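Undergrad: Got a structure for you, questions after.
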Protein chains: 6
Amino acid sequence: MFLPKKILEEKLLAFLKEDLGLGDVTTNTIVAPGVKVEAAVVAKEAGVAAGMEEALILLESLNLKAKAKISDGEEFRRGSVLLEIAGDARTILSTERVLLNVLSRMSGIATQTRKLVEKLRDANFRTVVASTRKTAPGLAYFDKKAVKIGGGDTHRLHLDSMVLIKDNHIAVIGSVAEAVKKARETVSFSQKIEVEVSSVEEAVEAAEAGADIIMLDNFSPAQAKKAIKALEKRKLRKKVLVEASGGINEDNILKYASAGVDIVSIGALTHSSRSLDMSLEVTDAAKIFSAQKRT
Amino acid sequence: MFLPKKILEEKLLAFLKEDLGLGDVTTNTIVAPGVKVEAAVVAKEAGVAAGMEEALILLESLNLKAKAKISDGEEFRRGSVLLEIAGDARTILSTERVLLNVLSRMSGIATQTRKLVEKLRDANFRTVVASTRKTAPGLAYFDKKAVKIGGGDTHRLHLDSMVLIKDNHIAVIGSVAEAVKKARETVSFSQKIEVEVSSVEEAVEAAEAGADIIMLDNFSPAQAKKAIKALEKRKLRKKVLVEASGGINEDNILKYASAGVDIVSIGALTHSSRSLDMSLEVTDAAKIFSAQKRT
Amino acid sequence: MFLPKKILEEKLLAFLKEDLGLGDVTTNTIVAPGVKVEAAVVAKEAGVAAGMEEALILLESLNLKAKAKISDGEEFRRGSVLLEIAGDARTILSTERVLLNVLSRMSGIATQTRKLVEKLRDANFRTVVASTRKTAPGLAYFDKKAVKIGGGDTHRLHLDSMVLIKDNHIAVIGSVAEAVKKARETVSFSQKIEVEVSSVEEAVEAAEAGADIIMLDNFSPAQAKKAIKALEKRKLRKKVLVEASGGINEDNILKYASAGVDIVSIGALTHSSRSLDMSLEVTDAAKIFSAQKRT
Amino acid sequence: MFLPKKILEEKLLAFLKEDLGLGDVTTNTIVAPGVKVEAAVVAKEAGVAAGMEEALILLESLNLKAKAKISDGEEFRRGSVLLEIAGDARTILSTERVLLNVLSRMSGIATQTRKLVEKLRDANFRTVVASTRKTAPGLAYFDKKAVKIGGGDTHRLHLDSMVLIKDNHIAVIGSVAEAVKKARETVSFSQKIEVEVSSVEEAVEAAEAGADIIMLDNFSPAQAKKAIKALEKRKLRKKVLVEASGGINEDNILKYASAGVDIVSIGALTHSSRSLDMSLEVTDAAKIFSAQKRT
Amino acid sequence: MFLPKKILEEKLLAFLKEDLGLGDVTTNTIVAPGVKVEAAVVAKEAGVAAGMEEALILLESLNLKAKAKISDGEEFRRGSVLLEIAGDARTILSTERVLLNVLSRMSGIATQTRKLVEKLRDANFRTVVASTRKTAPGLAYFDKKAVKIGGGDTHRLHLDSMVLIKDNHIAVIGSVAEAVKKARETVSFSQKIEVEVSSVEEAVEAAEAGADIIMLDNFSPAQAKKAIKALEKRKLRKKVLVEASGGINEDNILKYASAGVDIVSIGALTHSSRSLDMSLEVTDAAKIFSAQKRT
Amino acid sequence: MFLPKKILEEKLLAFLKEDLGLGDVTTNTIVAPGVKVEAAVVAKEAGVAAGMEEALILLESLNLKAKAKISDGEEFRRGSVLLEIAGDARTILSTERVLLNVLSRMSGIATQTRKLVEKLRDANFRTVVASTRKTAPGLAYFDKKAVKIGGGDTHRLHLDSMVLIKDNHIAVIGSVAEAVKKARETVSFSQKIEVEVSSVEEAVEAAEAGADIIMLDNFSPAQAKKAIKALEKRKLRKKVLVEASGGINEDNILKYASAGVDIVSIGALTHSSRSLDMSLEVTDAAKIFSAQKRT
């Protein structure tokens, strides 16, 4: 998911533009034009950093100097300085909130993802933790990138990324086998085909029809295990990846992993993420205060 | 926060565009063009509806028929049908995820806001529950509207809405009194002036300087009470609104209310909201199945 | 109304893009690529500078060097150099018109505003001169900023800035009191409430209902005085700001001020502004001429 | 200058979007959703209608019914109803200001243009009254269309419309003749070439070099007459159009016409236009009032 | 690649907007407002229809009635009517060129694709004909959709669709095996991995490393055959898809197919496509002529 | 057609944005962040360079260093290095395709235009070779600029550039003479009037009515000659430019020239252009390989 700075910049400036309206009436009033300031973004709780690349691009696009004290994917403690910023005081204070909103949302998502990934690794599972398309509206890039930084999998980036045949599609076309067959005939060779199934039988049907990935929709761990067994029995297990989806959380994730699925996907990673607490602190206020007075 | 449909439509279609990429490869493959379908959005858990207006506008802009079974602000139970939809099958299936993302995020925010508001009302407090600018990036309109639907207050919509002098501003200009004075001189008569204070003394200073609203930043309930008392003693209490902010949650909200503040503001309402579980179900799949076969 | 350069830049480049179409066919033809030039913006009549910040941002975004010889809000005489520019000749000549259009419109508005403000100050009135939403379509930021630079008040920046209940609203809801009551109940604590009234009685009714600001719509100075008196009599005068609006101009502004209103608002400041005459002059044409010949 | 509705709509909605911010907080508060209203745009002074097409497109794009009572270019009196509107009350009240801003600016420009054109026609001159590129920034389409409706000429629409060699260009390339020669060689056959000249000699030089149009820059009527004579003497008069520009106004326009120029161009038509006074009046307030009460 | 109408509409209107500039000065002049017209798009040469869906959406978005006489993917003869249009004359004449540009480019691409696909089918090959990312800049959606309509494969839609490791990537990372390994570790399970190889050895290396698809870059048919053999020998053939790319055209396509590759990809399909000749004819000119006269 | 860099940049970045989707998944995976690389664009066949200015602007806007080894309009041989690039490896590899798509399309168009122009010059004709509005949708700027670089004429840039009365317009208004008359009355003095005619008689009629340019639509060379003669006979030849259009190609272009027309216009130059083959080669792969290993 590499985007050149100039392209990412545009997405970030759109957030800023929304927040500014016709302009920051406070900073304008309190801070003289041309005053320079130094500031730092400080973590108020521990976590995994994400959004650092975005933060740097936003700040640099505004002609501010920014120095990352940590890289995306690294862990930080409460009190850590994540970012040092220097430049025009009005610009920094007007950007503070949007900057923190991006950093704290992305870091929150990465932190929760990392927690689940480590739970699996600690128990010696290689199961993939994947996000879904249940992101905040319009924030797919940011939410999915944060999941990846946390060690998770982006899953589909948008609706043109892969075929994913869901219950509504199957209802409309009549059967799993028919749906996979039709997709196979018409879809680009460059794309995989995944099918959402609601029973062990459908899982087998999908694999036999040539699906690349099978999504067990709202299966209990026990049902998931049964599906895996059924696939193994028919020598179909190696031909497909198996994803469990629906109701998976911190408490039951190990059970799904031990059922033998390859991937667990968790909507809450992005639709109900908890932002981390961070703040921006002006570190040389005294100096600016004097500068202001001279103005 | 009334926006004509045409203006809201544009924001909603931008979400859809992001999700579509160059197009939905699954629906395209599985569903024949021209097939009509009926569907319903069903709640998988109870809550307060928000985003219904947005849902209708999105669907109608796509030339789909949509009928709300509930209005924004009303409560629904698990299993309730929130919305009935009819129209082009490909369009409905391609829009499903974005539609649900908007509805479930906004309803989640409204539900949590309502819970806090009712907690206060049940204890006979009239304290206002307000959101902050800690929204998901770019989603101020949607997040703040959901708070309002839940019974909360939007607070500043963007940086041009009101003067809000924060710690960094005060540091730069030297004192609360100086900041308020400068704001009073230069800001439009149409805007209020709020000051964030970090001590009882500053609270009094702000009120004396003529601030309209005083934000007690990270005060404990006891400190808040002290500040209120100090204002009362100096006959300043009626001249200002008092807002408590920082660390307020379900557990301590009543303590802040009983300390006598007018407003409690809570960033988590929007930065760490939990989406409600909803799904879109095609209700006439059998009929479509036959229609498809004839095509 | 502080906007970071990057955000303002976008608005300014949109003006330029409109003027360019698919490109300047004259400059392209006459001036060789890569030629550097120096130029100056010269005032053809006296006035108050506004738009200097915008001019600098536009020129710098185009990679031109620009040096302001005067700051926004300062006065200049006929013949004064306002701005010195250096850089790519094609770019400067292609931008000339848009640059001058911004500067001369904004300076024209600031000059007229200053004139009215000084008339009031010379007569020892502190009355505020405010603009309205009657700007050129799409130019609220520029028109209102120019008013502010001239010493005036921006009034509402857009429809989300403050509640302003007008005649049509009152007609629909039945009475001034009812309208204010409803607004008070539903509007954010961060926003003021203003009511447009058409009689002395309504002015009193609005103040009693708790309006923050009362707009006397098309009152004569004598009627305005009467309204002020009525408010004073009921001890409501200090609770509200009073704005006179409608038909106010250079000739009658002192009469309104002496009637005791706090604010006079004048649509003509922005909807019928007179642009100041300015021109861009290439100051080293001889040098470029030789450079061109060598090319 | 014909633009399909859908394209014009986008420009108009951009004005509305600016004015709305995150939404109209007044209408939202005072008017219940779903209430229908009838309204009329009424002229408060006489003039020539312009912007009617734009008004209709804006209103229809918002799903309002609109009926023009007058066409672009027709004259109206004080008190005339220009436009009748019906539809959603919230939408009409939120759009009122932008609608009036477009109509009153365009009508103001058309009215002033018509006045000058009629002055010429009454004195039996066929001289063309042209606008310049001195429009309000970003409003070239609207300002120039209004000039045309008033009976004037749009002149260049943007920088790709025609070659117009100005003083700065000539300074850089050395001479009028050289500039025209270079333009002739490189410019598309589909475009005309105009040259701004500062003396009678240059006017002759330009015509001899093959310019299509000659702009007499800041010539007095007497100088203009001299230039015309010089062209006639050399049998060049019929080969070119002659435009006078700079300082032309209501008072001296007939003198320029009688000097024999083909075109007079006047920047003030668009850069210092006076908007006409108009207002929007809800015509069935009583009915809505009852409807509101029932809600 | 299904896009809802509203989304496609925006792309199409952007083309129209570019072509219109500030408006069609011819139609405006010649055709009275409000005149209705009927027109038809007629093929001037035989081919395969593509762009019909886009044409309908464009026309309907402009409030014109449009009736397709043929569907995307069907063949037409010289003289066939492809589309019947009715509605506002000015709008139809202003849209004519953009409409034809879309239809004739897309149909040209589909026609050439179909020709190659049929050549393969006639010779009993099932080889896939694929496009590349060598489209006209900004036209990926339209160019690739036309290829698909012609019976070809879209290949990657954009850079986030699939991993495709090319020569420059391999040079940078050291070896094919290393590149595939790294991709396998970091890329989403939802995406395939393709590798461009420049020798038979690299082809084997890629397959052994676990690539899903192998692109034989600029292999002769003989070399391609050798690569296939090598894969078969090592029992790797069934694990991968094999794509030949570089210099493939109508003359040698059968040789590549008989070498046994699964896919041939051909940049010229989109980067050097030949548009089909079509025209728009007003079919009721006489009627309009009379209507005009009455106006 | 001069556009300042900042304006052109936006068009170019839009192409890139389309191609990137949510980001380049390959480069991201294979190339470490921060690695610098040098690369060159190499011609795989001979031609005329066009798009070099655009290439430099695109690369510089992405913060890459770029050095042109050839200027727009110059000829290059197979194997020539056109452009040297240095900077962030990820950015260069992600931009490669769009960069080449722009350069190879524009150079292809310029090369073919040059070929036709030289054919005419070699036979001592001064006939102008012009493009039409039959460009790839949305690419008018790029396609027409390439024609100009190749020595051709852009013709109308968009629909507001000049009046061009075509068959459909004439049908609607009744006659060539009537159409020209109406245009003359209503169109700006700054614009030329061209008429498409379908017979010798119409050609004469158009010239007599005062058209500036006459387009002979689908005339054979013999018919064109006849039209020229007819104009000469009536002493109208010098008053108009004569353009031949329809079916003109490399084989018959000299015949049209010798018929005496001033301009030949050829849609195929832009609607069926052949892109030139070019590639981007990383020139210091070994160095980067080591750098990567150290990372």
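All residue names refer to the structure tokens as shown: chains lettered A, B, ... in order, residues numbered from 1 in each chain, ligands numbered from 1 in order.
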Show me a table, sorted first by chain and then by increasing residue number, of the residues of chain D having an atom at most 6 Å from chain F, each with its shortest atom pair and the distance in Å to one decimal, counting only C-alpha atoms and written as JSON lines.
TA:
```
{"residue": "D:Asp153", "atom": "CA", "partner": "F:Ser188", "partner_atom": "CA", "distance": 5.5}
{"residue": "D:His155", "atom": "CA", "partner": "F:Ser190", "partner_atom": "CA", "distance": 5.8}
{"residue": "D:Ser161", "atom": "CA", "partner": "F:Ser161", "partner_atom": "CA", "distance": 5.4}
{"residue": "D:Ser188", "atom": "CA", "partner": "F:Asp153", "partner_atom": "CA", "distance": 5.5}
{"residue": "D:Ser190", "atom": "CA", "partner": "F:His155", "partner_atom": "CA", "distance": 5.8}
```
Undergrad: Next, write the just-selected residues to a file, as a PDB file, in the first residue's frame, keeping N, CA and C atoms as the atom set.
TA:
```pdb
ATOM      1  N   ASP D 153     -20.348  42.471 -24.873  1.00  0.00           N
ATOM      2  CA  ASP D 153     -19.517  41.435 -25.487  1.00  0.00           C
ATOM      3  C   ASP D 153     -18.626  40.834 -24.399  1.00  0.00           C
ATOM      4  N   HIS D 155     -15.754  39.500 -24.661  1.00  0.00           N
ATOM      5  CA  HIS D 155     -14.301  39.591 -24.888  1.00  0.00           C
ATOM      6  C   HIS D 155     -13.687  38.213 -24.601  1.00  0.00           C
ATOM      7  N   SER D 161      -8.299  31.928 -25.279  1.00  0.00           N
ATOM      8  CA  SER D 161      -9.327  32.313 -26.254  1.00  0.00           C
ATOM      9  C   SER D 161      -8.787  33.050 -27.474  1.00  0.00           C
ATOM     10  N   SER D 188      -2.587  29.174 -33.502  1.00  0.00           N
ATOM     11  CA  SER D 188      -3.542  28.436 -34.325  1.00  0.00           C
ATOM     12  C   SER D 188      -4.314  29.361 -35.265  1.00  0.00           C
ATOM     13  N   SER D 190      -7.173  29.234 -35.829  1.00  0.00           N
ATOM     14  CA  SER D 190      -8.524  29.431 -35.304  1.00  0.00           C
ATOM     15  C   SER D 190      -8.614  30.629 -34.364  1.00  0.00           C
TER      16      SER D 190
END
```
Undergrad: DSSP on the backbone, helix (DSSP H, G or I) only: what residues of range 198-259 of chain D does that give? Format it as a ChimeraX atom specification.
TA: /D:200-209,221-233,237-239,253-259
Undergrad: Neighbouring residues of Gly51 in chain A were defined as those with any atom within 10 Å, considering only C-alpha atoms; residues of the same chain fewer than 4 positions away were excluded. Please report them as a PyMOL selection string.
TA: chain A and resi 55-57+71-73+99-107+110+142-143+145-146+149
Undergrad: Looking only at the backbone, which of the residues in range 20-70 of chain F does DSSP tag as strand (DSSP E or B), as a PDB file with N, CA, C and O atoms, in the first residue's frame?
TA:
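Wrote states.pdb, looks like this:
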```pdb
ATOM      1  N   ASP F  24       0.711   0.967  -4.197  1.00  0.00           N
ATOM      2  CA  ASP F  24       1.470  -0.041  -4.938  1.00  0.00           C
ATOM      3  C   ASP F  24       1.862  -1.166  -3.976  1.00  0.00           C
ATOM      4  O   ASP F  24       2.700  -0.976  -3.101  1.00  0.00           O
ATOM      5  N   LYS F  36      17.442   5.148  -2.291  1.00  0.00           N
ATOM      6  CA  LYS F  36      17.521   6.060  -3.433  1.00  0.00           C
ATOM      7  C   LYS F  36      17.911   5.279  -4.681  1.00  0.00           C
ATOM      8  O   LYS F  36      18.651   4.299  -4.584  1.00  0.00           O
ATOM      9  N   VAL F  37      17.486   5.742  -5.825  1.00  0.00           N
ATOM     10  CA  VAL F  37      17.776   5.001  -7.043  1.00  0.00           C
ATOM     11  C   VAL F  37      18.000   5.979  -8.195  1.00  0.00           C
ATOM     12  O   VAL F  37      17.552   7.125  -8.157  1.00  0.00           O
ATOM     13  N   GLU F  38      18.737   5.541  -9.207  1.00  0.00           N
ATOM     14  CA  GLU F  38      18.862   6.312 -10.443  1.00  0.00           C
ATOM     15  C   GLU F  38      18.251   5.514 -11.573  1.00  0.00           C
ATOM     16  O   GLU F  38      18.385   4.292 -11.627  1.00  0.00           O
ATOM     17  N   ALA F  39      17.585   6.195 -12.464  1.00  0.00           N
ATOM     18  CA  ALA F  39      16.916   5.493 -13.553  1.00  0.00           C
ATOM     19  C   ALA F  39      16.946   6.346 -14.806  1.00  0.00           C
ATOM     20  O   ALA F  39      17.266   7.535 -14.744  1.00  0.00           O
ATOM     21  N   ALA F  40      16.642   5.719 -15.927  1.00  0.00           N
ATOM     22  CA  ALA F  40      16.618   6.458 -17.191  1.00  0.00           C
ATOM     23  C   ALA F  40      15.436   6.002 -18.016  1.00  0.00           C
ATOM     24  O   ALA F  40      15.060   4.822 -17.988  1.00  0.00           O
ATOM     25  N   VAL F  41      14.866   6.930 -18.749  1.00  0.00           N
ATOM     26  CA  VAL F  41      13.844   6.563 -19.731  1.00  0.00           C
ATOM     27  C   VAL F  41      14.541   6.416 -21.073  1.00  0.00           C
ATOM     28  O   VAL F  41      15.199   7.355 -21.544  1.00  0.00           O
ATOM     29  N   VAL F  42      14.403   5.233 -21.662  1.00  0.00           N
ATOM     30  CA  VAL F  42      15.125   4.899 -22.889  1.00  0.00           C
ATOM     31  C   VAL F  42      14.125   4.649 -24.019  1.00  0.00           C
ATOM     32  O   VAL F  42      13.116   3.971 -23.813  1.00  0.00           O
ATOM     33  N   ALA F  43      14.415   5.230 -25.185  1.00  0.00           N
ATOM     34  CA  ALA F  43      13.542   5.020 -26.340  1.00  0.00           C
ATOM     35  C   ALA F  43      13.829   3.666 -26.974  1.00  0.00           C
ATOM     36  O   ALA F  43      14.984   3.313 -27.193  1.00  0.00           O
ATOM     37  N   GLY F  47      11.832   8.660 -32.890  1.00  0.00           N
ATOM     38  CA  GLY F  47      10.641   9.505 -32.931  1.00  0.00           C
ATOM     39  C   GLY F  47      10.932  10.946 -32.571  1.00  0.00           C
ATOM     40  O   GLY F  47      12.093  11.352 -32.485  1.00  0.00           O
ATOM     41  N   VAL F  48       9.846  11.700 -32.364  1.00  0.00           N
ATOM     42  CA  VAL F  48       9.922  13.101 -31.960  1.00  0.00           C
ATOM     43  C   VAL F  48       9.471  13.178 -30.501  1.00  0.00           C
ATOM     44  O   VAL F  48       8.408  12.659 -30.152  1.00  0.00           O
ATOM     45  N   LYS F  65      14.453  14.046  -8.688  1.00  0.00           N
ATOM     46  CA  LYS F  65      15.282  14.854  -9.587  1.00  0.00           C
ATOM     47  C   LYS F  65      15.137  14.312 -10.989  1.00  0.00           C
ATOM     48  O   LYS F  65      15.202  13.097 -11.205  1.00  0.00           O
ATOM     49  N   ALA F  66      14.975  15.206 -11.938  1.00  0.00           N
ATOM     50  CA  ALA F  66      14.805  14.739 -13.318  1.00  0.00           C
ATOM     51  C   ALA F  66      15.590  15.645 -14.236  1.00  0.00           C
ATOM     52  O   ALA F  66      15.604  16.863 -14.060  1.00  0.00           O
ATOM     53  N   LYS F  67      16.252  15.056 -15.200  1.00  0.00           N
ATOM     54  CA  LYS F  67      17.056  15.840 -16.143  1.00  0.00           C
ATOM     55  C   LYS F  67      16.704  15.405 -17.558  1.00  0.00           C
ATOM     56  O   LYS F  67      16.890  14.240 -17.926  1.00  0.00           O
ATOM     57  N   ALA F  68      16.198  16.359 -18.320  1.00  0.00           N
ATOM     58  CA  ALA F  68      15.827  16.036 -19.705  1.00  0.00           C
ATOM     59  C   ALA F  68      17.087  15.955 -20.555  1.00  0.00           C
ATOM     60  O   ALA F  68      17.947  16.827 -20.480  1.00  0.00           O
TER      61      ALA F  68
END
```
Undergrad: Extract, using only C-alpha atoms, all DNA, RNA and protein residues at most 12 Å from Ala32 in chain C, discarding same-chain residues fewer than 3 positions from it, and format them as a list in words.
TA: Thr26, Thr27, Asn28, Thr29, Val35, Lys36, Val37, Asp88, Ala89, Arg90, Thr91, Ile288, Phe289, Ser290, Ala291, Gln292, Lys293, Arg294 and Thr295 of chain C; His169, Val172, Ile173 and Lys182 of chain D; Phe2 of chain F
Undergrad: So how far away is CA of Ser61 in chain E from CA of Leu139 in chain D, in Å?
TA: 24.9 Å
Undergrad: Return the single residue from D:Pro4, D:Glu185, D:Lys229, D:Glu250 that is closest to Gly87 in chain E, with distances computed using only C-alpha atoms.
TA: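 Using only C-alpha atoms, the shortest distance to Gly87 in chain E belongs to D:Pro4.
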Undergrad: Could you pull the residues within 9 Å of Ile228 in chain D, counting only C-alpha atoms, minus those fewer than 5 positions along the same chain, as a list in words?
TA: Val200, Ala203, Gln223, Lys233, Arg237, Val242, Ala259, Gly260 and Val261 of chain D
Undergrad: Quick one: residues within 12 Å of Ala244 in chain C, only C-alpha atoms counted, chain neighbours fewer than 6 positions away excluded, as a ChimeraX atom specification?
TA: /C:127-132,195-198,203,213-225,227-228,252-267
Undergrad: Excluding Lys5 in chain E and any residue of its chain fewer than 3 positions from it, enumerate the residues within 8 Å of it, using only C-alpha atoms, and give them as a ChimeraX atom specification.
TA: /B:62 /E:8-9,57
